[in-house]
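Visitor: Structure incoming, see below.
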Amino acid sequence: GAVVSQHPSWVICKSGTSVKIECRSLDFQATTMFWYRQFPKQSLMLMATSNEGSKATYEQGVEKDKFLINHASLTLSTLTVTSAHPEDSSFYICSARQRVHTEAFFGQGTRLTVV
Amino acid sequence: GDSVTQMEGPVTLSEEAFLTINCTYTATGYPSLFWYVQYPGEGLQLLLKATKADDKGSNKGFEATYRKETTSFHLEKGSVQVSDSAVYFCALSDLVSNFGNEKLTFGTGTRLTIIP
């Protein structure tokens, strides 16, 4: 299958700072990328859907000013957690698909710990 | 709204044992159902899927049958191997309730460990 690379795999940051997570499709062009968050012992929850060249669509309850998503190219999307707080500590996962109705491929996830 | 309920883990089995991981769902329309697997250090990978009632998805010895009457999609394998140790996620995609958006709704994941 196609490869989606997420970086970093884990990050620790201080409360109040911002953290950027990258999601790259390595061998295909991704018109759509998805960002998920998973708290311990809970489901992966979709945060937002981003289409290349347009603004991301955020799920209900997700603060768009706190979780900035940029999908500037067909191979790269970034999620920036602004002014991070301990409650933002979570596992963040991206996925990418080439076209509508095709399989979405997942990155390996990023474990964010805010101290 | 849509939801997926998956049996809690962790599950530990001996090699060659029979595996069942239960998954039930709630959906407004007629969802497609999926099992994803995440091996250590890797991203989620699609293991199998079924798009309509009574369909059976299968891959790598794993099977799951879409049961509309019981709203279930249980994952089974007749003889597990150490290499099957991973986290397994049940998921659904309901175009009707999500107005044509193919977003996935996941269960909590079940960690499976197979011991030799």
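Identifiers for the structure tokens are assigned positionally: chains receive A, B, ... in sequence, residues are indexed from 1 per chain, and ligands are indexed from 1 in the order shown.
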Among chain B, which residues does DSSP mark as strand (DSSP E) when it is run on the backbone? Keep the chain and numbering as in the structure and answer as a ChimeraX atom specification.
Guide: /B:3-6,11-14,19-21,23-26,32-38,45-50,56-59,62-65,75-77,86-93,104-106,110-115
Visitor: Select residues of chain B: the criterion is any atom within 12 Å of an atom of chain A, counting only C-alpha atoms; output as an NGL selection string.
Guide: :B and (2-10 or 32 or 34 or 36-49 or 88-93 or 95 or 98 or 100-111)
Visitor: Residues near Thr70 (chain B), anyone? I mean within 12 Å using only C-alpha atoms, not counting same-chain ones fewer than 4 positions away, as a PyMOL selection string.
Guide: chain B and resi 22-26+53-54+65-66+74
Visitor: Nearest to Ser58 (chain B): which of B:Lys77, B:Leu13, B:Tyr30, B:Ser72 is it, counting only C-alpha atoms?
Guide: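 Nearest candidate to Ser58 (chain B) out of B:Lys77, B:Leu13, B:Tyr30, B:Ser72: B:Lys77.
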Visitor: So which residues touch Ser14 (chain B) within 8 Å, counting only C-alpha atoms, skipping near sequence neighbours fewer than 4 positions away, as an MDAnalysis selection string?
Guide: chainID B and resid 80 114:116
Visitor: Could you write out the selected residues, including N, CA, C and O atoms, as a compact mmCIF listing (two decimals), in the first residue's frame?
Guide:
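Output (selection39.txt):
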# COMPACT_ATOMS: atom_id res chain seq x y z
N VAL B 80 -4.07 -18.16 15.32
CA VAL B 80 -3.27 -16.94 15.33
C VAL B 80 -1.78 -17.25 15.44
O VAL B 80 -1.38 -18.30 15.94
N ILE B 114 0.05 -12.31 21.13
CA ILE B 114 0.11 -13.75 20.93
C ILE B 114 1.43 -14.25 21.49
O ILE B 114 2.50 -13.75 21.13
N ILE B 115 1.33 -15.21 22.39
CA ILE B 115 2.55 -15.75 23.00
C ILE B 115 2.87 -17.12 22.40
O ILE B 115 1.97 -17.91 22.11
N PRO B 116 4.17 -17.37 22.18
CA PRO B 116 4.57 -18.64 21.55
C PRO B 116 4.24 -19.84 22.45
O PRO B 116 4.18 -19.73 23.66
Visitor: List as a PyMOL selection string the protein and nucleic acid residues near region 51-66 of chain A, meaning an atom at most 8 Å away when only C-alpha atoms are counted, but skip any in the same chain fewer than 3 places from it.
Guide: chain A and resi 30-33+46-48+69-74+80-83
Visitor: Have a look at CA of Ser83 (chain B) and CA of Asn59 (chain B) and let me know their distance in Å, one decimal.
Guide: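 Value for the CA of Ser83 (chain B)-CA of Asn59 (chain B) distance: 14.3 Å.
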